[in-house]
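Peer 1: Here you go, one structure.
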Amino acid sequence: MLKGLSAAIAYYGGGITAEEEIARQPQCPVMAHFGDQDHWIPMEGIEAFTKAHPEVEVHVYPANHGFNCDQRGSYNEAAATLARERSLAFFADKLA
């Protein structure tokens, strides 16, 4: 984890759900967004990450990998809109 950050948000951060990464401790407030249909990031990894880090605000959407990118076929407008609203509120709270 990088030091010196005031807050961080991960969108479909598959790397952070790997066993060796789950052991790392966040150095700032963190929010994470995942899709429950993401074949790159199994729900088991998301659940393990969530269990290991109750201090991290985790949101799971009925969506696929890349749900936030409107240039992909997996774009999910409802999930992207909700994730954006949550992200902006998180930053407003943590960076105030």
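To be explicit about the labels: the chains of the structure tokens are called A, B, and onward in the order shown, and within each one the residues are counted from 1, while ligands get numbers from 1 in the order they are shown.
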Do a neighbour search on region 14-26 of chain A at 12 Å with only C-alpha atoms, toss out local chain neighbours closer than 3 positions, and write the hits as a PyMOL selection string.

Peer 2: chain A and resi 1-11+29-35+38-58+65-66

Peer 1: Could you save those same residues with N, CA and C atoms as a short mmCIF file (atom, residue, chain, number, x, y, z; two decimals), in the first residue's frame?

Peer 2:
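File produced: part.cif:
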```cif
data_model
loop_
_atom_site.label_atom_id
_atom_site.label_comp_id
_atom_site.auth_asym_id
_atom_site.auth_seq_id
_atom_site.Cartn_x
_atom_site.Cartn_y
_atom_site.Cartn_z
N MET A 1 0.83 -1.18 0.00
CA MET A 1 0.00 0.00 0.00
C MET A 1 0.88 1.25 0.00
N LEU A 2 0.39 2.26 -0.65
CA LEU A 2 1.11 3.53 -0.70
C LEU A 2 0.87 4.32 0.58
N LYS A 3 1.88 4.96 1.05
CA LYS A 3 1.72 5.84 2.21
C LYS A 3 1.52 7.26 1.72
N GLY A 4 0.90 8.08 2.55
CA GLY A 4 0.70 9.48 2.20
C GLY A 4 -0.63 9.76 1.54
N LEU A 5 -1.46 8.75 1.33
CA LEU A 5 -2.77 8.96 0.76
C LEU A 5 -3.78 9.27 1.86
N SER A 6 -4.76 10.08 1.55
CA SER A 6 -5.81 10.38 2.52
C SER A 6 -6.99 9.43 2.39
N ALA A 7 -7.19 8.85 1.22
CA ALA A 7 -8.26 7.90 0.96
C ALA A 7 -7.99 7.23 -0.38
N ALA A 8 -8.56 6.03 -0.58
CA ALA A 8 -8.37 5.30 -1.83
C ALA A 8 -9.63 4.53 -2.18
N ILE A 9 -9.89 4.42 -3.48
CA ILE A 9 -11.03 3.65 -3.97
C ILE A 9 -10.55 2.72 -5.06
N ALA A 10 -10.93 1.44 -4.95
CA ALA A 10 -10.59 0.44 -5.96
C ALA A 10 -11.86 0.04 -6.71
N TYR A 11 -11.75 0.02 -8.02
CA TYR A 11 -12.82 -0.50 -8.88
C TYR A 11 -12.33 -1.83 -9.44
N PRO A 29 -8.27 5.27 4.71
CA PRO A 29 -9.62 4.75 4.46
C PRO A 29 -9.74 4.25 3.01
N VAL A 30 -10.40 3.10 2.84
CA VAL A 30 -10.52 2.48 1.53
C VAL A 30 -11.97 2.08 1.26
N MET A 31 -12.36 2.26 0.01
CA MET A 31 -13.64 1.76 -0.50
C MET A 31 -13.29 0.90 -1.71
N ALA A 32 -14.08 -0.18 -1.91
CA ALA A 32 -13.84 -1.05 -3.05
C ALA A 32 -15.16 -1.42 -3.72
N HIS A 33 -15.16 -1.44 -5.05
CA HIS A 33 -16.33 -1.79 -5.85
C HIS A 33 -16.01 -3.04 -6.68
N PHE A 34 -16.91 -4.03 -6.63
CA PHE A 34 -16.75 -5.27 -7.38
C PHE A 34 -18.06 -5.64 -8.06
N GLY A 35 -17.97 -6.44 -9.10
CA GLY A 35 -19.14 -7.00 -9.75
C GLY A 35 -19.26 -8.47 -9.39
N ASP A 38 -18.12 -11.00 -12.19
CA ASP A 38 -16.77 -10.81 -12.71
C ASP A 38 -16.02 -12.13 -12.72
N HIS A 39 -15.77 -12.68 -13.90
CA HIS A 39 -15.07 -13.97 -13.97
C HIS A 39 -13.58 -13.85 -13.64
N TRP A 40 -13.05 -12.64 -13.59
CA TRP A 40 -11.64 -12.42 -13.22
C TRP A 40 -11.45 -12.36 -11.71
N ILE A 41 -12.51 -12.01 -11.00
CA ILE A 41 -12.42 -11.85 -9.54
C ILE A 41 -13.55 -12.67 -8.91
N PRO A 42 -13.26 -13.89 -8.49
CA PRO A 42 -14.30 -14.74 -7.90
C PRO A 42 -14.86 -14.16 -6.60
N MET A 43 -16.12 -14.44 -6.36
CA MET A 43 -16.77 -13.96 -5.14
C MET A 43 -16.05 -14.47 -3.89
N GLU A 44 -15.44 -15.64 -3.96
CA GLU A 44 -14.72 -16.18 -2.80
C GLU A 44 -13.60 -15.22 -2.38
N GLY A 45 -12.91 -14.65 -3.35
CA GLY A 45 -11.85 -13.69 -3.04
C GLY A 45 -12.40 -12.40 -2.47
N ILE A 46 -13.51 -11.94 -3.01
CA ILE A 46 -14.16 -10.72 -2.48
C ILE A 46 -14.62 -10.95 -1.05
N GLU A 47 -15.21 -12.11 -0.80
CA GLU A 47 -15.68 -12.43 0.55
C GLU A 47 -14.52 -12.55 1.53
N ALA A 48 -13.42 -13.16 1.10
CA ALA A 48 -12.23 -13.28 1.97
C ALA A 48 -11.67 -11.90 2.28
N PHE A 49 -11.60 -11.04 1.27
CA PHE A 49 -11.10 -9.68 1.47
C PHE A 49 -12.01 -8.92 2.44
N THR A 50 -13.31 -9.01 2.23
CA THR A 50 -14.28 -8.32 3.09
C THR A 50 -14.17 -8.80 4.53
N LYS A 51 -14.03 -10.09 4.72
CA LYS A 51 -13.90 -10.65 6.07
C LYS A 51 -12.61 -10.19 6.74
N ALA A 52 -11.53 -10.17 5.98
CA ALA A 52 -10.22 -9.78 6.53
C ALA A 52 -10.13 -8.29 6.81
N HIS A 53 -10.95 -7.48 6.12
CA HIS A 53 -10.87 -6.03 6.26
C HIS A 53 -12.25 -5.40 6.49
N PRO A 54 -12.80 -5.60 7.67
CA PRO A 54 -14.11 -4.99 7.95
C PRO A 54 -14.06 -3.46 7.94
N GLU A 55 -12.87 -2.89 8.02
CA GLU A 55 -12.73 -1.43 8.00
C GLU A 55 -12.86 -0.86 6.58
N VAL A 56 -12.79 -1.73 5.58
CA VAL A 56 -12.91 -1.30 4.19
C VAL A 56 -14.39 -1.34 3.79
N GLU A 57 -14.84 -0.28 3.17
CA GLU A 57 -16.22 -0.21 2.69
C GLU A 57 -16.29 -0.91 1.33
N VAL A 58 -16.84 -2.12 1.32
CA VAL A 58 -16.91 -2.94 0.10
C VAL A 58 -18.33 -2.94 -0.45
N HIS A 65 -16.99 -7.56 -14.80
CA HIS A 65 -15.74 -6.79 -14.78
C HIS A 65 -15.84 -5.64 -15.79
N GLY A 66 -15.42 -4.48 -15.38
CA GLY A 66 -15.47 -3.32 -16.26
C GLY A 66 -16.81 -2.62 -16.28
#
```

Peer 1: Give me every helix (DSSP H, G or I) residue in chain A, going by DSSP on the backbone, as an MDAnalysis selection string.

Peer 2: chainID A and resid 14:17 19:22 43:52 77:94

Peer 1: Grab the CA of Arg86 (chain A) to CA of Val60 (chain A) distance for me, in Å with one decimal place.

Peer 2: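 A separation of 12.0 Å between them.
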
Peer 1: Of the candidates A:Leu82, A:Cys28, A:Arg72, A:Leu95, which shows the shortest atom-to-atom distance to His59 (chain A), using only C-alpha atoms?

Peer 2: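 Looking only at the distances to His59 (chain A), the closest residue turns out to be A:Leu82.
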
Peer 1: Looking at A:Glu85, A:Gln71, A:Gln27, A:Ala63, which one is nearest to Tyr12 (chain A), with distances taken over only C-alpha atoms?

Peer 2: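 Looking only at the distances to Tyr12 (chain A), the closest residue turns out to be A:Ala63.
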
Peer 1: Per DSSP on the backbone, what are the strand (DSSP E or B) residues of chain A, as a list of chain:residue names?

Peer 2: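 The strand (DSSP E or B) residues within chain A come out as A:Ala8, A:Ile9, A:Ala10, A:Tyr11, A:Val30, A:Met31, A:Ala32, A:His33, A:Phe34, A:Gly35, A:Glu57, A:Val58, A:His59, A:Val60, A:Tyr61.
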